[in-house]
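K.L.:
Input file: structure_35.cif. Contents: mmCIF, C-alpha atoms.
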data_my_file
loop_
_atom_site.label_atom_id
_atom_site.label_comp_id
_atom_site.auth_asym_id
_atom_site.auth_seq_id
_atom_site.Cartn_x
_atom_site.Cartn_y
_atom_site.Cartn_z
CA MET A 1 72.09 92.13 147.69
CA PRO A 2 75.10 92.20 145.29
CA ALA A 3 75.48 95.38 143.26
CA ASP A 4 75.29 93.58 139.89
CA ILE A 5 72.01 91.88 140.85
CA ALA A 6 70.57 95.19 142.05
CA GLN A 7 71.59 96.83 138.76
CA LEU A 8 69.96 93.99 136.78
CA ILE A 9 66.70 94.40 138.74
CA HIS A 10 66.80 98.16 138.12
CA ASP A 11 67.31 97.61 134.37
CA ILE A 12 64.46 95.11 134.19
CA GLU A 13 62.09 97.45 136.04
CA ALA A 14 63.01 100.24 133.63
CA ILE A 15 61.73 98.23 130.63
CA PRO A 16 58.33 99.71 129.65
CA ALA A 17 55.27 97.45 129.75
CA THR A 18 53.99 98.76 126.40
CA SER A 19 55.66 100.03 123.24
CA ARG A 20 54.44 102.77 120.95
CA PHE A 21 55.35 102.89 117.29
CA GLY A 22 54.64 104.77 114.10
CA ARG A 23 55.39 104.08 110.44
CA VAL A 24 57.97 105.44 108.00
CA THR A 25 56.17 107.65 105.48
CA ALA A 26 59.17 109.02 103.54
CA VAL A 27 62.94 108.77 103.28
CA SER A 28 64.89 111.67 101.75
CA GLY A 29 68.66 111.73 101.92
CA LEU A 30 69.61 111.51 105.60
CA MET A 31 66.07 112.28 106.77
CA VAL A 32 63.34 109.81 107.74
CA GLU A 33 59.72 111.01 108.09
CA VAL A 34 57.57 109.10 110.56
CA GLY A 35 53.81 109.43 111.07
CA GLY A 36 51.46 108.26 113.78
CA ILE A 37 53.54 109.10 116.85
CA GLU A 38 54.35 112.78 116.32
CA LYS A 39 52.46 113.71 119.51
CA GLU A 40 54.56 111.22 121.50
CA LEU A 41 57.87 112.76 120.44
CA SER A 42 59.83 115.96 121.02
CA VAL A 43 63.03 117.39 119.55
CA GLY A 44 65.97 115.40 120.87
CA GLY A 45 63.85 112.29 121.50
CA ARG A 46 64.87 108.84 120.28
CA CYS A 47 63.28 106.23 118.06
CA LEU A 48 64.31 102.79 116.83
CA VAL A 49 63.51 102.28 113.14
CA GLU A 50 63.13 98.63 112.11
CA THR A 51 64.57 97.59 108.75
CA ARG A 52 63.32 94.97 106.30
CA ASP A 53 65.94 92.53 107.63
CA GLU A 54 64.78 93.08 111.25
CA ARG A 55 67.63 95.32 112.39
CA ARG A 56 66.91 98.36 114.57
CA ILE A 57 68.56 101.67 113.73
CA PRO A 58 68.66 104.28 116.51
CA CYS A 59 67.48 107.71 115.34
CA GLU A 60 67.03 111.14 116.88
CA VAL A 61 64.14 113.55 116.37
CA VAL A 62 65.51 116.75 114.82
CA GLY A 63 62.23 118.49 113.87
CA PHE A 64 58.69 118.26 112.59
CA ARG A 65 57.17 119.02 109.19
CA GLN A 66 53.53 118.90 108.07
CA GLY A 67 52.43 116.70 110.94
CA ARG A 68 55.35 114.28 110.58
CA ALA A 69 58.36 113.72 112.83
CA LEU A 70 61.77 114.19 111.15
CA LEU A 71 64.34 111.62 112.27
CA MET A 72 68.06 111.35 111.55
CA PRO A 73 69.82 107.99 111.96
CA PHE A 74 72.93 107.13 113.95
CA GLY A 75 73.89 104.67 111.22
CA SER A 76 73.18 103.69 107.63
CA LEU A 77 69.57 103.68 106.38
CA ASP A 78 70.08 100.55 104.26
CA GLY A 79 67.00 98.33 104.56
CA VAL A 80 64.59 101.10 105.63
CA GLY A 81 61.46 101.41 103.49
CA LEU A 82 57.94 102.80 103.52
CA GLY A 83 55.82 101.31 106.29
CA CYS A 84 58.72 100.18 108.46
CA ARG A 85 57.97 100.51 112.16
CA ALA A 86 59.54 103.30 114.25
CA LEU A 87 59.41 102.52 117.97
CA VAL A 88 59.57 105.26 120.59
CA ALA A 89 62.67 104.75 122.76
CA PRO A 90 61.98 105.51 126.45
CA GLY A 91 63.78 107.92 128.73
CA GLN A 92 66.55 110.49 128.34
CA SER A 93 69.90 109.42 126.94
CA SER A 94 72.33 109.02 129.84
CA ILE A 95 75.61 107.26 130.52
CA PHE A 96 76.91 105.68 133.72
CA PRO A 97 80.69 106.18 133.83
CA CYS A 98 83.01 105.05 136.61
CA ASP A 99 86.74 104.73 137.29
CA ALA A 100 86.78 101.37 135.45
CA TRP A 101 86.31 103.33 132.21
CA LEU A 102 89.89 104.60 132.45
CA GLY A 103 92.05 103.06 129.74
CA ARG A 104 89.03 102.30 127.54
CA VAL A 105 87.93 103.44 124.08
CA VAL A 106 84.20 104.02 123.50
CA ASN A 107 82.04 105.20 120.63
CA ALA A 108 79.54 108.06 120.56
CA LEU A 109 76.86 105.89 122.20
CA GLY A 110 79.09 104.92 125.13
CA GLU A 111 79.70 101.41 123.79
CA PRO A 112 83.18 99.85 124.04
CA VAL A 113 85.06 99.50 120.74
CA ASP A 114 88.45 98.34 122.03
CA GLY A 115 87.66 94.63 122.34
CA LYS A 116 88.27 94.59 126.09
CA GLY A 117 84.79 93.45 127.06
CA PRO A 118 81.72 95.30 128.36
CA LEU A 119 81.92 98.52 130.33
CA PRO A 120 80.81 98.42 133.97
CA LYS A 121 78.06 100.84 134.98
CA GLY A 122 78.62 103.55 137.55
CA PRO A 123 76.01 104.47 140.16
CA VAL A 124 75.15 107.94 138.77
CA GLY A 125 73.60 108.67 135.38
CA ILE A 126 74.95 111.67 133.45
CA PRO A 127 72.80 113.16 130.63
CA ILE A 128 74.71 113.15 127.36
CA ARG A 129 73.26 116.53 126.39
CA ASN A 130 73.77 118.40 129.62
CA ASN A 131 73.49 122.11 130.37
CA PRO A 132 76.54 124.15 131.46
CA PRO A 133 76.75 124.92 135.21
CA ASN A 134 75.07 128.10 136.41
CA ALA A 135 77.52 130.94 135.80
CA HIS A 136 76.80 132.56 139.21
CA ALA A 137 77.44 129.34 141.12
CA ARG A 138 80.66 128.41 139.36
CA ALA A 139 84.05 128.52 141.06
CA ARG A 140 86.86 130.62 139.60
CA VAL A 141 89.74 129.09 137.65
CA GLY A 142 92.27 127.36 139.89
CA GLU A 143 96.04 127.29 140.16
CA LYS A 144 98.40 126.85 137.22
CA LEU A 145 98.31 123.49 135.46
CA ASP A 146 101.54 121.90 134.26
CA LEU A 147 100.96 120.76 130.66
CA GLY A 148 104.46 119.40 130.02
CA ILE A 149 105.15 121.56 126.92
CA ARG A 150 107.57 124.34 127.86
CA ALA A 151 106.42 126.79 125.15
CA ILE A 152 102.89 126.62 126.61
CA ASN A 153 103.98 126.45 130.25
CA ALA A 154 106.14 129.58 129.99
CA PHE A 155 104.42 131.80 127.40
CA LEU A 156 100.79 130.57 127.50
CA THR A 157 100.32 129.39 131.07
CA CYS A 158 97.04 127.51 131.55
CA CYS A 159 95.09 127.30 134.81
CA ARG A 160 92.83 124.52 136.06
CA GLY A 161 89.37 125.08 134.61
CA GLN A 162 90.58 127.25 131.73
CA ARG A 163 89.46 126.59 128.14
CA MET A 164 91.98 127.00 125.33
CA GLY A 165 91.74 126.51 121.58
CA ILE A 166 94.49 125.01 119.41
CA PHE A 167 94.10 126.58 115.96
CA ALA A 168 95.89 125.06 112.97
CA GLY A 169 95.51 123.91 109.39
CA SER A 170 95.69 120.25 108.44
CA GLY A 171 99.02 118.50 108.95
CA VAL A 172 100.58 121.14 111.23
CA GLY A 173 100.81 118.94 114.34
CA LYS A 174 97.56 119.22 116.32
CA SER A 175 97.40 115.49 117.08
CA SER A 176 101.05 115.43 118.20
CA VAL A 177 100.43 118.32 120.60
CA MET A 178 97.34 116.54 121.96
CA SER A 179 99.31 113.34 122.58
CA MET A 180 102.01 115.28 124.46
CA LEU A 181 99.37 116.97 126.61
CA ALA A 182 97.68 113.63 127.39
CA ARG A 183 100.97 112.02 128.44
CA PHE A 184 102.69 114.87 130.27
CA SER A 185 99.97 117.06 131.85
CA ALA A 186 99.56 117.07 135.63
CA ALA A 187 95.77 116.59 135.39
CA GLU A 188 94.42 113.52 137.18
CA ILE A 189 92.32 112.27 134.26
CA ALA A 190 92.26 112.96 130.52
CA VAL A 191 89.10 112.58 128.42
CA ILE A 192 89.91 112.68 124.71
CA GLY A 193 87.27 113.13 122.02
CA LEU A 194 88.29 112.25 118.45
CA ILE A 195 85.53 113.74 116.30
CA GLY A 196 85.51 112.86 112.60
CA GLU A 197 88.99 111.31 112.91
CA ARG A 198 90.51 109.35 110.03
CA GLY A 199 89.91 105.66 110.68
CA ARG A 200 93.48 104.78 109.73
CA GLU A 201 94.95 107.16 112.29
CA LEU A 202 92.82 106.10 115.26
CA GLN A 203 94.94 103.09 116.26
CA GLU A 204 98.15 105.03 115.54
CA PHE A 205 97.08 107.76 117.94
CA ILE A 206 96.07 105.33 120.69
CA THR A 207 99.06 102.95 120.48
CA GLU A 208 101.90 105.24 119.36
CA ASP A 209 101.05 108.84 120.26
CA LEU A 210 99.10 108.16 123.45
CA GLY A 211 100.83 104.95 124.47
CA GLU A 212 100.10 102.75 127.49
CA GLU A 213 101.15 105.49 129.93
CA GLY A 214 98.75 108.05 128.47
CA LEU A 215 95.89 105.60 127.90
CA SER A 216 96.00 104.28 131.49
CA ARG A 217 94.63 107.58 132.82
CA SER A 218 92.52 108.48 129.81
CA ILE A 219 89.15 107.70 128.29
CA VAL A 220 88.97 108.00 124.49
CA VAL A 221 85.67 108.75 122.74
CA CYS A 222 85.86 108.31 118.99
CA ALA A 223 83.67 108.78 115.91
CA THR A 224 85.44 108.34 112.58
CA SER A 225 84.83 110.47 109.51
CA ASP A 226 82.75 107.78 107.76
CA GLU A 227 80.13 107.67 110.52
CA ALA A 228 76.77 109.46 110.39
CA PRO A 229 76.74 113.18 111.30
CA LEU A 230 74.63 112.41 114.40
CA MET A 231 77.36 110.04 115.64
CA ARG A 232 80.05 112.68 115.12
CA ARG A 233 78.00 115.30 116.95
CA GLN A 234 77.08 112.84 119.70
CA ALA A 235 80.76 111.99 120.25
CA ALA A 236 81.40 115.61 121.25
CA TYR A 237 78.50 115.56 123.73
CA MET A 238 79.69 112.18 125.06
CA THR A 239 83.21 113.55 125.65
CA LEU A 240 81.90 116.37 127.82
CA ALA A 241 79.45 114.08 129.65
CA VAL A 242 82.27 111.72 130.71
CA ALA A 243 84.39 114.69 131.82
CA GLU A 244 81.44 116.08 133.82
CA TYR A 245 81.10 112.85 135.77
CA PHE A 246 84.70 113.02 137.01
CA ARG A 247 84.43 116.78 137.62
CA ASP A 248 81.36 116.31 139.81
CA ALA A 249 83.30 113.63 141.72
CA GLY A 250 85.82 116.32 142.69
CA ARG A 251 88.51 115.42 140.15
CA ASP A 252 90.56 117.75 137.93
CA VAL A 253 89.97 116.65 134.35
CA LEU A 254 91.82 117.54 131.16
CA CYS A 255 89.26 117.39 128.33
CA MET A 256 90.67 117.44 124.81
CA MET A 257 88.66 117.43 121.60
CA ASP A 258 89.90 117.06 118.04
CA SER A 259 88.21 118.85 116.48
CA VAL A 260 85.47 121.38 117.14
CA THR A 261 85.39 122.14 113.41
CA ARG A 262 84.24 118.62 112.58
CA PHE A 263 81.55 118.93 115.25
CA ALA A 264 80.37 122.11 113.51
CA MET A 265 80.44 120.36 110.13
CA ALA A 266 78.30 117.54 111.51
CA GLN A 267 75.81 120.06 112.91
CA ARG A 268 75.79 121.79 109.52
CA GLU A 269 74.79 118.52 107.80
CA ILE A 270 72.04 117.96 110.36
CA GLY A 271 70.72 121.51 110.16
CA LEU A 272 70.66 121.67 106.36
CA SER A 273 68.93 118.26 106.14
CA ALA A 274 66.26 119.52 108.56
CA GLY A 275 65.59 122.51 106.28
CA GLU A 276 67.52 125.29 108.06
CA PRO A 277 68.68 128.19 105.85
CA PRO A 278 72.44 128.32 105.20
CA THR A 279 74.25 131.46 106.39
CA THR A 280 78.01 132.12 106.60
CA LYS A 281 79.90 129.56 104.47
CA GLY A 282 76.82 127.36 104.47
CA TYR A 283 76.65 126.99 108.26
CA PRO A 284 73.05 127.25 109.54
CA PRO A 285 72.20 129.29 112.68
CA THR A 286 72.09 126.23 114.98
CA VAL A 287 75.86 125.73 114.53
CA PHE A 288 76.59 129.05 116.21
CA ALA A 289 73.98 128.30 118.88
CA GLU A 290 75.39 124.83 119.67
CA LEU A 291 79.06 125.89 119.87
CA PRO A 292 78.76 127.90 123.11
CA ARG A 293 76.43 125.29 124.64
CA LEU A 294 79.10 122.66 124.04
CA LEU A 295 82.19 124.67 125.00
CA GLU A 296 80.64 126.26 128.11
CA ARG A 297 80.23 122.79 129.62
CA ALA A 298 83.99 122.79 130.20
CA GLY A 299 85.55 125.02 132.84
CA PRO A 300 85.35 125.22 136.64
CA GLY A 301 82.52 123.29 138.25
CA LEU A 302 80.26 124.40 141.05
CA ARG A 303 82.02 125.50 144.23
CA GLY A 304 83.41 122.46 146.00
CA SER A 305 83.58 120.25 142.90
CA GLY A 306 86.44 119.62 140.47
CA SER A 307 87.21 121.30 137.17
CA ILE A 308 87.38 120.58 133.44
CA THR A 309 90.36 122.15 131.71
CA GLY A 310 89.34 122.21 128.05
CA LEU A 311 91.73 122.10 125.10
CA PHE A 312 89.82 122.15 121.81
CA THR A 313 91.46 121.95 118.40
CA VAL A 314 90.08 124.00 115.52
CA LEU A 315 90.88 122.97 111.95
CA VAL A 316 91.13 126.32 110.16
CA ASP A 317 89.94 126.22 106.56
CA GLY A 318 92.75 127.05 104.12
CA ASP A 319 94.94 128.32 106.98
CA ASP A 320 92.50 131.23 107.36
CA HIS A 321 92.37 131.89 111.11
CA ASN A 322 89.44 134.29 110.65
CA GLU A 323 87.04 131.81 109.04
CA PRO A 324 83.60 131.61 110.74
CA ILE A 325 84.12 128.63 113.07
CA ALA A 326 87.59 129.74 114.20
CA ASP A 327 86.30 133.26 114.80
CA ALA A 328 83.28 132.03 116.81
CA VAL A 329 85.32 129.60 118.94
CA ARG A 330 88.03 132.17 119.64
CA GLY A 331 85.40 134.50 121.09
CA ILE A 332 84.07 131.82 123.45
CA LEU A 333 87.31 130.34 124.84
CA ASP A 334 89.79 131.73 127.37
CA GLY A 335 92.76 131.82 125.04
CA HIS A 336 94.13 130.36 121.84
CA ILE A 337 97.28 128.55 120.74
CA VAL A 338 98.11 129.14 117.07
CA LEU A 339 100.11 126.52 115.15
CA GLU A 340 101.61 127.86 111.91
CA ARG A 341 102.59 125.89 108.85
CA GLN A 342 105.59 128.14 108.09
CA ILE A 343 107.10 127.40 111.53
CA GLY A 344 106.64 123.66 111.02
CA GLU A 345 108.18 123.86 107.55
CA ARG A 346 111.42 125.12 109.04
CA GLY A 347 111.53 122.15 111.39
CA ARG A 348 110.46 123.62 114.73
CA TYR A 349 107.81 121.53 116.48
CA PRO A 350 105.46 122.13 118.18
CA ALA A 351 104.91 124.87 115.58
CA ILE A 352 103.45 127.40 118.05
CA ASN A 353 103.42 131.06 117.02
CA ILE A 354 103.95 132.64 120.43
CA LEU A 355 103.19 136.17 119.23
CA ARG A 356 99.77 135.25 117.80
CA SER A 357 98.79 133.09 120.78
CA VAL A 358 97.37 134.29 124.08
CA SER A 359 96.26 132.92 127.45
CA ARG A 360 93.62 135.12 129.09
CA THR A 361 94.65 134.06 132.61
CA MET A 362 98.06 135.65 132.08
CA PRO A 363 99.60 137.73 133.55
CA GLY A 364 97.23 137.42 136.54
CA CYS A 365 98.36 133.88 137.43
CA ASN A 366 102.08 134.69 137.37
CA SER A 367 104.44 136.30 139.85
CA LYS A 368 106.13 139.62 139.09
CA ASN A 369 109.44 137.92 138.22
CA GLU A 370 107.73 135.44 135.90
CA ASN A 371 105.86 138.22 134.08
CA GLU A 372 109.05 140.26 133.63
CA LEU A 373 110.94 137.24 132.28
CA VAL A 374 108.19 136.24 129.83
CA GLY A 375 107.58 139.87 128.80
CA HIS A 376 111.26 140.37 127.98
CA ALA A 377 111.36 137.19 125.88
CA ARG A 378 108.16 138.21 124.03
CA ARG A 379 109.59 141.64 123.22
CA LEU A 380 112.71 140.07 121.71
CA LEU A 381 110.67 137.61 119.67
CA SER A 382 108.49 140.47 118.42
CA SER A 383 111.51 142.63 117.52
CA TYR A 384 113.09 139.80 115.55
CA ASP A 385 109.81 138.98 113.80
CA ASN A 386 109.34 142.61 112.73
CA MET A 387 112.81 142.75 111.19
CA ALA A 388 113.06 139.12 110.01
CA GLU A 389 112.75 139.92 106.31
CA MET A 390 115.45 142.60 106.41
CA ILE A 391 117.73 140.35 108.48
CA ARG A 392 117.39 137.49 105.97
CA LEU A 393 118.10 139.84 103.06
CA GLY A 394 121.14 141.28 104.84
CA ALA A 395 119.64 144.77 104.76
CA TYR A 396 119.84 145.28 108.52
CA ARG A 397 123.09 146.73 109.88
CA ARG A 398 124.15 145.83 113.40
CA GLY A 399 124.10 148.79 115.75
CA SER A 400 121.05 150.43 114.14
CA ASP A 401 118.74 149.33 116.97
CA PRO A 402 120.03 147.91 120.30
CA GLN A 403 116.84 145.88 120.91
CA VAL A 404 117.01 144.27 117.46
CA ASP A 405 120.69 143.49 118.06
CA GLU A 406 119.73 141.81 121.34
CA ALA A 407 116.91 139.90 119.59
CA ILE A 408 119.34 138.61 116.92
CA HIS A 409 121.76 137.51 119.66
CA TYR A 410 119.15 135.51 121.60
CA GLN A 411 117.09 134.20 118.65
CA PRO A 412 118.88 130.81 118.28
CA ALA A 413 118.54 130.09 122.01
CA LEU A 414 114.85 131.07 122.06
CA GLU A 415 114.15 128.91 119.00
CA ALA A 416 115.85 125.96 120.73
CA PHE A 417 113.74 126.61 123.84
CA LEU A 418 110.49 126.55 121.84
CA LYS A 419 111.45 123.31 120.07
CA GLN A 420 110.52 120.10 121.91
CA GLY A 421 110.43 116.42 120.96
CA LYS A 422 107.24 114.33 121.21
CA ARG A 423 108.74 112.15 123.95
CA GLU A 424 110.25 115.04 125.92
CA SER A 425 108.54 116.59 128.94
CA THR A 426 109.32 119.85 130.76
CA ASP A 427 107.48 120.87 133.92
CA LEU A 428 106.43 124.40 134.88
CA ALA A 429 109.34 125.21 137.20
CA THR A 430 111.92 123.87 134.74
CA SER A 431 110.33 125.83 131.88
CA TYR A 432 110.89 129.15 133.69
CA ALA A 433 114.36 128.10 134.83
CA LEU A 434 115.44 127.25 131.27
CA LEU A 435 114.07 130.55 129.95
CA ALA A 436 115.90 132.47 132.70
CA GLU A 437 119.11 130.59 131.90
CA ILE A 438 119.02 131.89 128.32
CA PHE A 439 119.25 135.48 129.64
CA GLY A 440 121.71 134.63 132.41
CA VAL A 441 119.15 135.48 135.11
CA GLN A 442 119.55 133.82 138.50
CA TRP A 443 116.27 131.98 138.98
CA PRO A 444 114.99 130.84 142.39
CA GLN A 445 115.04 127.07 142.83
#
Translate the structure of the given file into structure tokens.
P.N.:
Amino acid sequence: MPADIAQLIHDIEAIPATSRFGRVTAVSGLMVEVGGIEKELSVGGRCLVETRDERRIPCEVVGFRQGRALLMPFGSLDGVGLGCRALVAPGQSSIFPCDAWLGRVVNALGEPVDGKGPLPKGPVGIPIRNNPPNAHARARVGEKLDLGIRAINAFLTCCRGQRMGIFAGSGVGKSSVMSMLARFSAAEIAVIGLIGERGRELQEFITEDLGEEGLSRSIVVCATSDEAPLMRRQAAYMTLAVAEYFRDAGRDVLCMMDSVTRFAMAQREIGLSAGEPPTTKGYPPTVFAELPRLLERAGPGLRGSGSITGLFTVLVDGDDHNEPIADAVRGILDGHIVLERQIGERGRYPAINILRSVSRTMPGCNSKNENELVGHARRLLSSYDNMAEMIRLGAYRRGSDPQVDEAIHYQPALEAFLKQGKRESTDLATSYALLAEIFGVQWPQ
């Protein structure tokens, strides 16, 4: 029997013989109250609310109040009124990815939005809201992963299965760094989640930043800023679910998400609408419970499977790198890359502050020579940074401190090393060789 016929038979058999429905009893803001089926539902379940003009709006159960189920919609509530039917949707939400999804753009529900036709179904269903792998059964992080950006390769080396955060304010170059990573990294597959992205910039990112080369080995999951908070939150879960499918198939996946902050903001809207008390900066407790559940899904898989190398951007509020979401995410991940506005303003991109950034797999993943080379460069950068104000004012006199004199001598070369164009790629070996060349060190080929 052909596979498409077998899939059609399976889908037909999955259709329930009966349908159960309740009625809308109240609508308040983003929340819909439904009565009559509260005993049929549980938190996380799905319903389809019928509108006056016979459309069906998918909704998710987020809580219960006074014997009524509280639903939040995945779209606009226009046309929903008292007495409208709410049908119970069967089964757990799952997706069926496959290799044919590469090069495609999907929404938070796994539906294609790129105009290239329907998505084929894979043989294995992956729950959208999955649990992280058991910590005791997980493999350790793998070998070093070439990310194509020499500042990261040399100073913030990332290993397969590691999770890193990219922390920056708005307009400092997070999207540009993500596009470089998608094009130049040595990972087999890239899964890119654009959460709460500006609608205008979506096509620019796909066609210009990502390009055909990057898109051909990527899957893009998008939810723009105008969509419902459930769609924005779901897009983050969808991104990890797609990455998990390829990881379980033994592939090494680069999973990038822009941004975790917008995921947290969507969860804040959902939590406050459901009646949760606001805590730090208005974020309810579920935000800080959902963050580790989401981020822990990335990382090494079970022994014998592939890995998900996670790179998650964090939009810091007012350039405050200690605001609640940034602080919580930094404590969960295995390192952080800090982009600073002041560095970008002086024309050096990517605007990575090496001294404030850290990779927790270093120095363990490096050889002795590599650690000595990187350590020497870091010390010079630190010495120059400590004396930068005095050097600019002309208050520092040469000869006062030999290490500062050496830092001043090498500063232009180190700045040129850290600067890299969007279309320029540098592999791991070349990154170390270029850094060694600055100091006149003979580097093994």
K.L.:
Counting all atoms listed in the file, which of A:Asp258, A:Ala436, A:Leu302, A:Tyr245 gets nearest to Glu372 of chain A?
P.N.:
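That would be A:Ala436, the residue with the smallest distance to Glu372 of chain A.
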K.L.:
Given the choices A:Leu393, A:Ala235, A:Arg360, A:Val141, which gets closest to Gly301 of chain A if the distance is worked out from all atoms listed in the file?
P.N.:
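Using all atoms listed in the file, Gly301 of chain A sits closest to A:Val141.
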K.L.:
With all atoms listed in the file as the atoms that count, which of A:Gly148, A:Gly29, A:Gly196, A:Gly304 lies nearest to Val177 of chain A?
P.N.:
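Comparing A:Gly148, A:Gly29, A:Gly196, A:Gly304 against Val177 of chain A, the winner is A:Gly148.
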K.L.:
So which residues get picked by the PyMOL selection byres ((chain A and resi 328-340) around 8) here, written as a compact mmCIF listing (two decimals) with C-alpha atoms, in the coordinates of the input?
P.N.:
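File expr22.txt, as written:
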# COMPACT_ATOMS: atom_id res chain seq x y z
CA LEU A 156 100.79 130.57 127.50
CA GLN A 162 90.58 127.25 131.73
CA ARG A 163 89.46 126.59 128.14
CA MET A 164 91.98 127.00 125.33
CA GLY A 165 91.74 126.51 121.58
CA ILE A 166 94.49 125.01 119.41
CA PHE A 167 94.10 126.58 115.96
CA ALA A 168 95.89 125.06 112.97
CA GLY A 169 95.51 123.91 109.39
CA VAL A 172 100.58 121.14 111.23
CA GLY A 173 100.81 118.94 114.34
CA LYS A 174 97.56 119.22 116.32
CA PHE A 288 76.59 129.05 116.21
CA LEU A 291 79.06 125.89 119.87
CA PRO A 292 78.76 127.90 123.11
CA LEU A 295 82.19 124.67 125.00
CA PRO A 324 83.60 131.61 110.74
CA ILE A 325 84.12 128.63 113.07
CA ALA A 326 87.59 129.74 114.20
CA ASP A 327 86.30 133.26 114.80
CA ARG A 341 102.59 125.89 108.85
CA GLN A 342 105.59 128.14 108.09
CA ILE A 343 107.10 127.40 111.53
CA GLY A 344 106.64 123.66 111.02
CA PRO A 350 105.46 122.13 118.18
CA ALA A 351 104.91 124.87 115.58
CA ILE A 352 103.45 127.40 118.05
CA ASN A 353 103.42 131.06 117.02
CA ILE A 354 103.95 132.64 120.43
CA ARG A 356 99.77 135.25 117.80
CA SER A 357 98.79 133.09 120.78
CA VAL A 358 97.37 134.29 124.08
CA SER A 359 96.26 132.92 127.45
CA ARG A 360 93.62 135.12 129.09
CA THR A 361 94.65 134.06 132.61
K.L.:
With distances taken over all atoms listed in the file, which of A:Asp385, A:Glu33, A:Asp248, A:Glu60 is nearest to Leu48 of chain A?
P.N.:
A:Glu60
K.L.:
Where does the PyMOL selection byres ((chain A and resi 126) around 6) land in this file, that is, which residues does it pick, as a list in words?
P.N.:
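Evaluating the PyMOL selection byres ((chain A and resi 126) around 6) on these coordinates yields Ser94, Ile95, Gly125 and Pro127 of chain A.
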K.L.:
Counting all atoms listed in the file, which residue out of A:Cys59, A:Glu111, A:Pro97, A:Thr224 sits closest to Val43 of chain A?
P.N.:
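Closest to Val43 of chain A, using all atoms listed in the file: A:Cys59.
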K.L.:
For Leu41 of chain A, work out the shell of residues within 9 Å, counting only C-alpha atoms and skipping chain neighbours fewer than 5 positions away, then give it as a ChimeraX atom specification.
P.N.:
/A:46-47,61,69,88
K.L.:
I need the residue nearest Val220 of chain A from this list: A:Leu30, A:Ile391, A:Ala108, A:Ala266. Use only C-alpha atoms for the distance.
P.N.:
A:Ala108
K.L.:
Please compute the atom CA of Gly36 of chain A-atom CA of Leu272 of chain A distance, one decimal, in Å.
P.N.:
24.6 Å
K.L.:
Please evaluate the PyMOL selection byres ((chain A and resi 149) around 10) against the structure above and give the resulting residues as a list in words.
P.N.:
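Going through the file, the PyMOL selection byres ((chain A and resi 149) around 10) ends up selecting Asp146, Leu147, Gly148, Arg150, Ala151, Ile152, Asn153, Ala154, Val177, Met180, Leu181, Phe184, Ser185, Pro350, Leu418, Lys419, Gln420, Gly421, Lys422, Glu424, Ser425, Thr426, Asp427, Leu428 and Ser431 of chain A.
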